[in-house]
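Asks: First, the structure itself, so that you have it in front of you.
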Amino acid sequence: MQASVIVFPGSNCDRDVAVAIKNITGRMPEMVWHGDAEVSKTDIIILPGGFSYGDYLRSGAMAAHSPIMKDIIAKAKHGTPVLGICNGFQILTETGLLPGLLMPNASLKFICRNVNLRVERTDTIFTNRYEHRGVITIPIANHDGNYFADDDTLAELEDNDRVAFRYVGEKGELEDRHNPNGSRNNIAGIYNKRGNILGLMPHPERLVEQILGGCDGRLMFESLLEALH
Amino acid sequence: MNNTVTLLEPCPYSFQEIAEHGLNENEYQKICDILGRHPRRTELGIFSVMWSEHCSYKSSKYWLKTLPTKAPHVIQGPGENAGVIDLGDGYAAIFKMESHNHPSYIEPYQGAATGVGGIMRDVFTMGARPIANMNALRFGSPDHPKTRHLVDGVVAGIGGYGNCMGIPTVGGETNFDAQYNDNILVNAMCVGLARTDNIFYSAATGIHNPVVYVGSKTGRDGIHGATMASAEFDENSDEKRPTVQVGDPFTEKLLLEACLELMQEDAIIAIQDMGAAGLTSSSVEMADKGGVGIDLDLDEVPQRETGMTAYEMMLSESQERMLMVLRPGSEKLAQKIFEKWELDFAIIGMTTDTGRLIVRHKNQIEADMPVSTLANSAPEYQRPWVETPRQPLLKAGEVPAPASLNEALLALMGSPDLCSRRWIWEQYDHTVMGDTVQRPGGDVAVVRVHGTNKAVAISTDVTPRYCLADPVEGGKQAVAEAWRNITCSGARPLAITNCLNFGNPEREEIMGQFVGAIQGLREACTTLDFPVISGNVSLYNETNGKAIPPTPAIGGVGLLEDLSIMMDPAFKTGDEIIIVLGGEGEHLGQSLYLKVIHGKTYGAPPPVDLRQEFETGEFVRKLITERRVTAVHDCSDGGLLVTIAEMALAGCIGAQITVPDQKPAHANLFGEDQGRYVITTSQHMSEPILSEAANANIYARRAGKTGGSQLTIDGKNPISLAELRKVHEGWLPAYMAG
């Protein structure tokens, strides 16, 4: 699996995700500068976490207009897998590749903690190694993780099984008190219609070794390796 | 103003103007002697910042020289942007701690944010990628009307800057005390990782080499920040808000990446961050260290505002700027890298053989002064001091017992000083960079050396109420606790940085506190082989004549050679034996028990026996290295019972403990005697450990065993962990919610 990690000014999880992928797949991703015109042949494009352009204006808003995005949008529409983590998810909603948007957390504070997620689907390239409806632990670290979409969009997401992960309790309880940021329907991540694009707020690349506190993030990259070889 | 200078021209400045530059009459006279004339306005400004307490250490230098700074593993001690230690295998840790107290009180978000930004620049200036931020925060009493606002702003500011940079903030300490009501302390520490063969220093050697300015544009913000940081507060201090700088972590992130990229090339001769006193301090220090002169053309300085004068540009403390001296011929390469990162890049001058700092602006010479004299002739004072009167040691029986041990424990665990700081550290990204192997909330933060099986262990410590009662013992205790905390992880403590926060040194009793604390630091650093490699002094932390307690914050760093032995405080399983090592609790003087339960602070703090501290710590480290223990936690604030309660909460496993007969139970459980640890081990391992301790002359007692979901003392009245957790986790969020 050859991955490409896009580096925007202010990306700060580009190295983390590249290291995780290298350790899991054995192959170092290509680091692609945001100012480039195109991403060379790749199996998956990764938009990493961070504060692209300082998140000034609005999280992800300026990065969505970086030169490289034109090619990424075109490739994504043709089916190239795209994974947007945290700021990457925000960029994906800003480009319109994924619906809705990420608002400031309900507490108006930055939140860094491990959260429990329920894996809503396991028939995707991103999640085939997870247990269906299993509960996994992954850290969040964001200020704007509060997913919002209007009722129609939300209904479309739900009806088409496009919610990837939801914030739940340890035993999978879907309750408000387990929602760290006020996101609608406890949504932590969503797919596009075709299922080749995933955007999520939690950081799977941060829990890929037991010494870091767990391995649940590892399975996402193993799933991709399984699907994309 | 009348002065004794034998110059023909009358002095062009009023007495007030000179005083506003933080200079006294003698100091002004000295300037005239150096120049042989009255200073130009820009020159007066330059002297003002260079001779400010903040930049010149004029009151503290004499005493700082008495601290131990050397060890085989020290690559660079004090005097550079930060200190450097050898981690082996070609890796070096570069670290420093610095205060941003005054700005944080005036504008908490920006004050704290720029403090974090500044300390990170000090570290990456030297070629290190920052890998961990820590902090030491002191706020006023929770009842004070400003405290909540200050906590909120400072925490958000620290998080705002570090999170955006993508450097994990992995821990720190926070206290509340009425003596900080009008002078909070915000001390930020940064640890970076570099290759030992690629460390950058600030000596600008060579003649006719280009002097390059990179980073943000210069504005009028922060002019005279260093002078402000060297003055007392009064009721008009809020008017100083305009001298607080505004941080831009996004630009700093670009600056970090651009600098590290350029550092891979053979292009940089010297590099220095423009921090306090901005362009003045960076250019003078670089030139002085390299023994050269420097010519600056201010017309070339990237400017954010129009019509700035030379005075303003030389004194601006605009953030996110660096000054470099490049190898001739590498300008194009450097420019390309900085332009890629969309940062300003300008050649603003060159090094010369004149030994003078010459500042030109609009075809005028605005300053022409001797570099070496400017850098090295700052006044140095041996200020008069008086020893802090000792307080009597309290006998255990002199402090009343609580009505109920359980109630006392609950009160302590839910007190502002001991409650969980989760509300704070969850606002810091502590998992970015993927190497945080021990997160906030324990004794130390442990961060892996990227790509290896090693880690650095970091701890910030000081107990100001001990320092106030006895600066010498308090100084020792601060160093000893950092050393002990690092030991708890299994790491070997290597070196410290410090941030010495005191009141007005012109008062004899404050200077006495400073001298005492330095003595304590010196003794502890020497005995524990834990040298000082960098640091910062913050004086004049006073408002209307009321000083803060002496607060010599220590930032310790240790090396864990093998991550697989790493230890933490959490109980791991039931039916394990709990052992107390190093002694029993007796000293309640200055304890939190006294403060929280009886509302009093008196008596001598617990003494620190450094020899015993060392031996006990070595014993604990040996047990960890041999994988014979399952949890380790040091006994500090709150004493033994709080230590055990914290271990139980961390592991979600209860404990049954016993109190030895011959001691008053409350002194045993809440005494803050130093040099102690609580460890757990399996049943069969416990006997050999107890006998080995006895053979090594280290006190050890079997204090109980782990198990269940309650904490029970002498078999009576169990407290559920759920109840303990509720009070422990409850106070701070409830307080902040107002």
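Numbering starts fresh at 1 for the residues of each chain in the structure tokens, the chains themselves are lettered A, B, ... in the order given, and ligands are numbered from 1 as they appear.
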Set out as CSV a contact list for chain B and chain A with a cut-off of 9 Å, giving each residue of chain B that qualifies its closest atom pair and distance in Å to one decimal, counting only C-alpha atoms, ordered by chain and rising residue number.
Replies:
residue,atom,partner,partner_atom,distance
B:Ala156,CA,A:Lys109,CA,7.8
B:Gly159,CA,A:Phe110,CA,7.7
B:Gly160,CA,A:Phe110,CA,8.2
B:Asn163,CA,A:Gly50,CA,8.3
B:Cys164,CA,A:Phe51,CA,5.6
B:Met165,CA,A:Asn12,CA,6.9
B:Gly166,CA,A:Asn12,CA,5.1
B:Ile167,CA,A:Asn12,CA,8.4
B:Asp248,CA,A:Gly54,CA,8.3
B:Pro249,CA,A:Gly54,CA,7.3
B:Phe250,CA,A:Gly54,CA,4.7
B:Thr251,CA,A:Gly54,CA,8.0
B:Lys253,CA,A:Gly10,CA,6.3
B:Leu254,CA,A:Pro9,CA,6.7
B:Trp341,CA,A:Pro9,CA,7.2
B:Glu342,CA,A:Pro9,CA,8.8
B:Trp425,CA,A:Cys112,CA,7.9
B:Glu426,CA,A:Cys112,CA,4.8
B:Gln427,CA,A:Phe110,CA,4.9
B:Tyr428,CA,A:Cys112,CA,6.4
B:Asp429,CA,A:Cys112,CA,5.4
B:His430,CA,A:Cys112,CA,7.0
B:Thr431,CA,A:Arg206,CA,6.8
B:Val432,CA,A:Cys13,CA,6.9
B:Met433,CA,A:Asp16,CA,5.6
B:Gly434,CA,A:Arg206,CA,5.3
B:Asp435,CA,A:Leu212,CA,7.0
B:Thr436,CA,A:Leu212,CA,6.5
B:Val437,CA,A:Leu212,CA,5.1
B:Gln438,CA,A:Leu212,CA,7.9
B:Leu563,CA,A:Ile211,CA,8.5
B:Ser564,CA,A:Ile211,CA,8.6
Asks: Generate a file of the selected residues that holds N, CA and C atoms, formatted as a CSV table (one decimal), in the first residue's frame.
Replies:
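result32.csv was written with the following content:
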chain,number,residue,atom,x,y,z
B,156,ALA,N,-5.9,28.1,28.9
B,156,ALA,CA,-6.3,28.2,27.4
B,156,ALA,C,-5.1,28.7,26.6
B,159,GLY,N,-2.5,25.9,26.3
B,159,GLY,CA,-3.0,24.9,25.3
B,159,GLY,C,-3.0,25.5,23.9
B,160,GLY,N,-3.5,26.7,23.8
B,160,GLY,CA,-3.7,27.3,22.5
B,160,GLY,C,-2.4,27.3,21.7
B,163,ASN,N,-0.8,23.3,21.5
B,163,ASN,CA,-1.7,22.5,20.6
B,163,ASN,C,-1.5,22.8,19.2
B,164,CYS,N,-1.5,24.1,18.9
B,164,CYS,CA,-1.4,24.5,17.5
B,164,CYS,C,0.0,24.1,16.9
B,165,MET,N,1.0,24.2,17.7
B,165,MET,CA,2.4,23.8,17.3
B,165,MET,C,2.5,22.3,17.1
B,166,GLY,N,1.6,21.6,17.8
B,166,GLY,CA,1.7,20.1,17.7
B,166,GLY,C,2.8,19.6,18.6
B,167,ILE,N,3.1,20.2,19.7
B,167,ILE,CA,4.1,19.7,20.7
B,167,ILE,C,3.2,19.4,21.9
B,248,ASP,N,1.5,34.1,17.9
B,248,ASP,CA,1.0,33.5,16.6
B,248,ASP,C,1.6,32.1,16.5
B,249,PRO,N,1.0,31.1,17.1
B,249,PRO,CA,1.6,29.8,17.1
B,249,PRO,C,1.7,29.2,15.7
B,250,PHE,N,0.8,29.6,14.8
B,250,PHE,CA,0.9,29.1,13.4
B,250,PHE,C,2.2,29.6,12.8
B,251,THR,N,2.6,30.9,12.9
B,251,THR,CA,3.8,31.3,12.4
B,251,THR,C,5.0,30.6,13.0
B,253,LYS,N,5.1,27.6,14.2
B,253,LYS,CA,5.2,26.3,13.6
B,253,LYS,C,5.9,26.3,12.3
B,254,LEU,N,5.6,27.3,11.5
B,254,LEU,CA,6.3,27.5,10.2
B,254,LEU,C,7.8,27.8,10.5
B,341,TRP,N,8.2,28.4,3.3
B,341,TRP,CA,7.3,28.4,4.5
B,341,TRP,C,6.6,29.7,4.7
B,342,GLU,N,6.6,30.5,3.7
B,342,GLU,CA,5.9,31.8,3.7
B,342,GLU,C,6.3,32.7,4.8
B,425,TRP,N,-5.3,19.5,32.2
B,425,TRP,CA,-4.5,18.8,31.2
B,425,TRP,C,-5.3,18.2,30.1
B,426,GLU,N,-6.6,18.1,30.3
B,426,GLU,CA,-7.4,17.7,29.1
B,426,GLU,C,-7.5,18.8,28.1
B,427,GLN,N,-7.1,20.0,28.4
B,427,GLN,CA,-7.1,21.1,27.5
B,427,GLN,C,-5.8,21.2,26.7
B,428,TYR,N,-4.8,20.4,27.1
B,428,TYR,CA,-3.5,20.3,26.5
B,428,TYR,C,-3.5,19.1,25.6
B,429,ASP,N,-3.1,19.2,24.4
B,429,ASP,CA,-2.9,18.0,23.5
B,429,ASP,C,-1.6,17.3,24.1
B,430,HIS,N,-1.8,16.2,24.8
B,430,HIS,CA,-0.7,15.5,25.4
B,430,HIS,C,-0.3,14.2,24.6
B,431,THR,N,-1.0,13.9,23.5
B,431,THR,CA,-0.7,12.7,22.8
B,431,THR,C,-0.2,12.9,21.4
B,432,VAL,N,-0.1,14.2,21.0
B,432,VAL,CA,0.4,14.4,19.6
B,432,VAL,C,1.9,14.1,19.6
B,433,MET,N,2.4,13.7,18.5
B,433,MET,CA,3.8,13.3,18.2
B,433,MET,C,3.9,11.8,18.5
B,434,GLY,N,2.9,11.2,19.1
B,434,GLY,CA,2.9,9.7,19.2
B,434,GLY,C,4.0,9.1,20.0
B,435,ASP,N,4.5,9.9,21.0
B,435,ASP,CA,5.6,9.3,21.8
B,435,ASP,C,5.4,9.5,23.3
B,436,THR,N,4.2,9.9,23.7
B,436,THR,CA,3.9,10.1,25.1
B,436,THR,C,3.5,8.8,25.8
B,437,VAL,N,4.5,8.3,26.5
B,437,VAL,CA,4.2,6.9,27.1
B,437,VAL,C,3.8,7.0,28.6
B,438,GLN,N,3.9,8.2,29.2
B,438,GLN,CA,3.2,8.4,30.5
B,438,GLN,C,2.6,9.7,30.5
B,563,LEU,N,12.6,1.3,27.9
B,563,LEU,CA,11.2,1.6,28.1
B,563,LEU,C,10.5,0.4,28.8
B,564,SER,N,11.0,-0.8,28.5
B,564,SER,CA,10.2,-1.9,29.0
B,564,SER,C,10.2,-2.0,30.5
Asks: What's around region 63-75 of chain A at 12 Å? Count only C-alpha atoms, leave out sequence neighbours fewer than 4 positions away in its own chain, and write the answer as a PyMOL selection string.
Replies: chain A and resi 4-11+32-59+79-84+87-98+196-197
Asks: Interatomic distance between CA of Thr630 (chain B) and CA of Val479 (chain B)?
Replies: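 Taking CA of Thr630 (chain B) as the start and CA of Val479 (chain B) as the end point, the length is 25.5 Å.
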Asks: Write out as a ChimeraX atom specification all residues of region 18-209 of chain A that backbone DSSP assigns to strand (DSSP E).
Replies: /A:30-33,44-47,82-85,101-103,111-119,135-142,146-148,163-168,187-191,197-200
Asks: Residues of region 293-473 of chain B in alpha helix (DSSP H) according to DSSP, as a VMD selection string?
Replies: chain B and resid 310 to 315 331 to 340 371 to 376 405 to 413 422 to 425 464 to 469 471 to 473
Asks: For region 567-574 of chain B, find every residue with an atom within 8 Å (counting only C-alpha atoms), except residues of its own chain fewer than 2 positions away, and show them as a list in words.
Replies: Gln438, Gly442, Asp443, Cys488, Ser489, Gly490, Ile565, Glu576, Ile624, Thr630, Ala631, Val632, His633, Glu646, Met647, Ala648, Leu649, Ala650, Gly651, Cys652, Ile653, Gly654, Thr680, Lys705, Thr706, Gly707 and Gly708 of chain B
Asks: Find the residues around His21 (chain B) up to 10 Å (only C-alpha atoms counted), leave out those fewer than 2 positions away in its own chain, and share them as a list in words.
Replies: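 Contacts, in chain order: Gln16, Glu17, Ile18, Ala19, Leu23, Asn24, Tyr28, Leu44, Gly45, Ile46, Phe47, Ser48, Val49, Trp51, Ser52, His224, Thr227 and Met228 of chain B.
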Asks: Output N, CA and C atoms for every residue in the selection just made, as a short mmCIF file (atom, residue, chain, number, x, y, z; two decimals), in the first residue's frame.
Replies:
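And here's part_14.cif as it stands now:
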data_model
loop_
_atom_site.label_atom_id
_atom_site.label_comp_id
_atom_site.auth_asym_id
_atom_site.auth_seq_id
_atom_site.Cartn_x
_atom_site.Cartn_y
_atom_site.Cartn_z
N GLN B 16 12.98 61.86 35.16
CA GLN B 16 11.86 60.92 35.01
C GLN B 16 12.06 60.00 33.82
N GLU B 17 12.55 60.56 32.69
CA GLU B 17 12.78 59.73 31.50
C GLU B 17 13.77 58.62 31.80
N ILE B 18 14.80 58.96 32.54
CA ILE B 18 15.82 57.96 32.87
C ILE B 18 15.23 56.91 33.79
N ALA B 19 14.46 57.36 34.77
CA ALA B 19 13.83 56.42 35.70
C ALA B 19 12.86 55.50 34.95
N LEU B 23 16.50 52.83 34.93
CA LEU B 23 17.90 53.08 35.28
C LEU B 23 17.96 54.06 36.44
N ASN B 24 18.92 53.85 37.33
CA ASN B 24 19.10 54.85 38.38
C ASN B 24 20.24 55.79 37.97
N TYR B 28 23.02 55.55 34.91
CA TYR B 28 23.09 56.50 33.81
C TYR B 28 24.51 57.06 33.67
N LEU B 44 19.98 54.78 24.74
CA LEU B 44 19.45 54.75 26.11
C LEU B 44 18.49 53.55 26.24
N GLY B 45 17.66 53.37 25.22
CA GLY B 45 16.72 52.24 25.21
C GLY B 45 17.46 50.91 25.24
N ILE B 46 18.53 50.83 24.46
CA ILE B 46 19.30 49.58 24.40
C ILE B 46 19.94 49.27 25.75
N PHE B 47 20.55 50.30 26.36
CA PHE B 47 21.12 50.07 27.69
C PHE B 47 20.03 49.67 28.68
N SER B 48 18.89 50.32 28.56
CA SER B 48 17.80 50.07 29.49
C SER B 48 17.41 48.60 29.50
N VAL B 49 17.27 48.00 28.31
CA VAL B 49 16.86 46.59 28.30
C VAL B 49 18.03 45.66 28.63
N TRP B 51 20.45 46.19 30.56
CA TRP B 51 20.76 46.27 31.98
C TRP B 51 19.55 46.00 32.86
N SER B 52 18.44 45.64 32.26
CA SER B 52 17.27 45.30 33.08
C SER B 52 17.60 44.03 33.84
N HIS B 224 9.71 47.37 25.68
CA HIS B 224 10.02 47.45 27.11
C HIS B 224 9.42 46.35 27.95
N THR B 227 11.79 45.41 30.64
CA THR B 227 11.84 46.38 31.73
C THR B 227 10.62 46.22 32.63
N MET B 228 9.46 45.94 32.01
CA MET B 228 8.25 45.72 32.80
C MET B 228 8.42 44.51 33.70
#
Asks: Interatomic distance between CA of Met324 (chain B) and CA of Val212 (chain B)?
Replies: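 Computing the Euclidean distance for CA of Met324 (chain B) and CA of Val212 (chain B) yields 5.0 Å.
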Asks: Would you list the contacts of Val456 (chain B) as a ChimeraX atom specification, taking every protein, DNA or RNA residue within 10 Å and counting only C-alpha atoms, but skipping same-chain residues closer than 2 positions in sequence?
Replies: /B:87,93,131-132,191,193,436-437,444-449,454,458,486,489,491-494,557-561,563
Asks: Write the residues of the preceding selection, restricted to N, CA and C atoms, as a PDB file, in the first residue's frame.
Replies:
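Below is the file result_24.pdb, written as the result:
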ATOM      1  N   LEU B  87      22.102  12.045  25.768  1.00  0.00           N
ATOM      2  CA  LEU B  87      21.243  10.894  26.065  1.00  0.00           C
ATOM      3  C   LEU B  87      21.849   9.594  25.542  1.00  0.00           C
ATOM      4  N   ALA B  93      19.229  15.903  24.727  1.00  0.00           N
ATOM      5  CA  ALA B  93      18.013  16.600  25.168  1.00  0.00           C
ATOM      6  C   ALA B  93      18.402  18.042  25.448  1.00  0.00           C
ATOM      7  N   ILE B 131       9.845  18.239  22.010  1.00  0.00           N
ATOM      8  CA  ILE B 131       9.063  17.006  22.133  1.00  0.00           C
ATOM      9  C   ILE B 131       8.141  17.024  23.341  1.00  0.00           C
ATOM     10  N   ALA B 132       8.311  17.987  24.225  1.00  0.00           N
ATOM     11  CA  ALA B 132       7.437  18.025  25.398  1.00  0.00           C
ATOM     12  C   ALA B 132       7.433  19.415  26.013  1.00  0.00           C
ATOM     13  N   VAL B 191      11.225  20.750  26.453  1.00  0.00           N
ATOM     14  CA  VAL B 191      12.307  19.780  26.236  1.00  0.00           C
ATOM     15  C   VAL B 191      12.329  19.433  24.755  1.00  0.00           C
ATOM     16  N   LEU B 193      14.603  17.498  21.373  1.00  0.00           N
ATOM     17  CA  LEU B 193      15.490  16.383  21.042  1.00  0.00           C
ATOM     18  C   LEU B 193      16.326  16.763  19.823  1.00  0.00           C
ATOM     19  N   THR B 436       4.163   9.938  23.702  1.00  0.00           N
ATOM     20  CA  THR B 436       3.877  10.137  25.123  1.00  0.00           C
ATOM     21  C   THR B 436       3.547   8.791  25.751  1.00  0.00           C
ATOM     22  N   VAL B 437       4.460   8.263  26.542  1.00  0.00           N
ATOM     23  CA  VAL B 437       4.231   6.942  27.113  1.00  0.00           C
ATOM     24  C   VAL B 437       3.781   7.011  28.573  1.00  0.00           C
ATOM     25  N   VAL B 444       5.509  11.756  36.956  1.00  0.00           N
ATOM     26  CA  VAL B 444       6.324  12.367  35.900  1.00  0.00           C
ATOM     27  C   VAL B 444       5.642  12.148  34.570  1.00  0.00           C
ATOM     28  N   ALA B 445       6.080  12.928  33.599  1.00  0.00           N
ATOM     29  CA  ALA B 445       5.696  12.654  32.224  1.00  0.00           C
ATOM     30  C   ALA B 445       6.850  11.885  31.603  1.00  0.00           C
ATOM     31  N   VAL B 446       6.528  10.887  30.800  1.00  0.00           N
ATOM     32  CA  VAL B 446       7.585  10.141  30.125  1.00  0.00           C
ATOM     33  C   VAL B 446       7.315  10.192  28.622  1.00  0.00           C
ATOM     34  N   VAL B 447       8.317  10.649  27.896  1.00  0.00           N
ATOM     35  CA  VAL B 447       8.189  10.814  26.453  1.00  0.00           C
ATOM     36  C   VAL B 447       9.308  10.029  25.775  1.00  0.00           C
ATOM     37  N   ARG B 448       8.916   9.183  24.850  1.00  0.00           N
ATOM     38  CA  ARG B 448       9.888   8.333  24.170  1.00  0.00           C
ATOM     39  C   ARG B 448      10.802   9.162  23.272  1.00  0.00           C
ATOM     40  N   VAL B 449      12.058   8.751  23.203  1.00  0.00           N
ATOM     41  CA  VAL B 449      12.975   9.340  22.229  1.00  0.00           C
ATOM     42  C   VAL B 449      12.588   8.718  20.891  1.00  0.00           C
ATOM     43  N   LYS B 454      14.233   4.247  24.176  1.00  0.00           N
ATOM     44  CA  LYS B 454      14.581   5.061  25.341  1.00  0.00           C
ATOM     45  C   LYS B 454      13.510   6.113  25.553  1.00  0.00           C
ATOM     46  N   ILE B 458      10.249  13.623  32.817  1.00  0.00           N
ATOM     47  CA  ILE B 458      10.300  15.061  33.119  1.00  0.00           C
ATOM     48  C   ILE B 458       9.370  15.377  34.286  1.00  0.00           C
ATOM     49  N   ILE B 486      11.330  11.542  39.116  1.00  0.00           N
ATOM     50  CA  ILE B 486      11.948  10.908  37.947  1.00  0.00           C
ATOM     51  C   ILE B 486      12.325   9.467  38.297  1.00  0.00           C
ATOM     52  N   SER B 489       9.776   6.602  37.895  1.00  0.00           N
ATOM     53  CA  SER B 489       9.504   6.012  36.579  1.00  0.00           C
ATOM     54  C   SER B 489      10.550   4.960  36.227  1.00  0.00           C
ATOM     55  N   ALA B 491      13.645   5.977  35.656  1.00  0.00           N
ATOM     56  CA  ALA B 491      14.661   6.736  34.923  1.00  0.00           C
ATOM     57  C   ALA B 491      15.771   7.210  35.856  1.00  0.00           C
ATOM     58  N   ARG B 492      16.923   7.523  35.257  1.00  0.00           N
ATOM     59  CA  ARG B 492      18.028   8.104  36.019  1.00  0.00           C
ATOM     60  C   ARG B 492      17.990   9.614  35.846  1.00  0.00           C
ATOM     61  N   PRO B 493      17.858  10.362  36.952  1.00  0.00           N
ATOM     62  CA  PRO B 493      17.810  11.830  36.841  1.00  0.00           C
ATOM     63  C   PRO B 493      19.147  12.363  36.310  1.00  0.00           C
ATOM     64  N   LEU B 494      19.100  13.267  35.332  1.00  0.00           N
ATOM     65  CA  LEU B 494      20.347  13.746  34.717  1.00  0.00           C
ATOM     66  C   LEU B 494      20.669  15.207  34.999  1.00  0.00           C
ATOM     67  N   VAL B 557      15.024  16.504  34.388  1.00  0.00           N
ATOM     68  CA  VAL B 557      14.948  15.585  33.251  1.00  0.00           C
ATOM     69  C   VAL B 557      15.818  14.368  33.550  1.00  0.00           C
ATOM     70  N   GLY B 558      15.256  13.195  33.269  1.00  0.00           N
ATOM     71  CA  GLY B 558      16.004  11.959  33.463  1.00  0.00           C
ATOM     72  C   GLY B 558      15.925  11.092  32.223  1.00  0.00           C
ATOM     73  N   LEU B 559      16.737  10.074  32.207  1.00  0.00           N
ATOM     74  CA  LEU B 559      16.790   9.179  31.047  1.00  0.00           C
ATOM     75  C   LEU B 559      16.386   7.769  31.466  1.00  0.00           C
ATOM     76  N   LEU B 560      15.433   7.230  30.732  1.00  0.00           N
ATOM     77  CA  LEU B 560      15.033   5.839  30.912  1.00  0.00           C
ATOM     78  C   LEU B 560      15.654   5.069  29.754  1.00  0.00           C
ATOM     79  N   GLU B 561      16.645   4.243  30.065  1.00  0.00           N
ATOM     80  CA  GLU B 561      17.400   3.560  28.997  1.00  0.00           C
ATOM     81  C   GLU B 561      16.572   2.490  28.301  1.00  0.00           C
ATOM     82  N   LEU B 563      12.619   1.317  27.879  1.00  0.00           N
ATOM     83  CA  LEU B 563      11.210   1.602  28.129  1.00  0.00           C
ATOM     84  C   LEU B 563      10.462   0.435  28.753  1.00  0.00           C
TER      85      LEU B 563
END
Asks: Check the smallest atom-to-atom distance from each of A:Arg177, A:His78, A:Arg194, A:Arg118 to Ile138 (chain A) using only C-alpha atoms, then report the winner.
Replies: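 When distances to Ile138 (chain A) are compared using only C-alpha atoms, the smallest one comes from A:Arg118.
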Asks: Extract, using only C-alpha atoms, all DNA, RNA and protein residues at most 8 Å from Asp86 (chain B), discarding same-chain residues fewer than 6 positions from it, and format them as a list in words.
Replies: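 Contacts, in chain order: His73, Val74, Ile75, Ala92, Ala93 and Thr196 of chain B.
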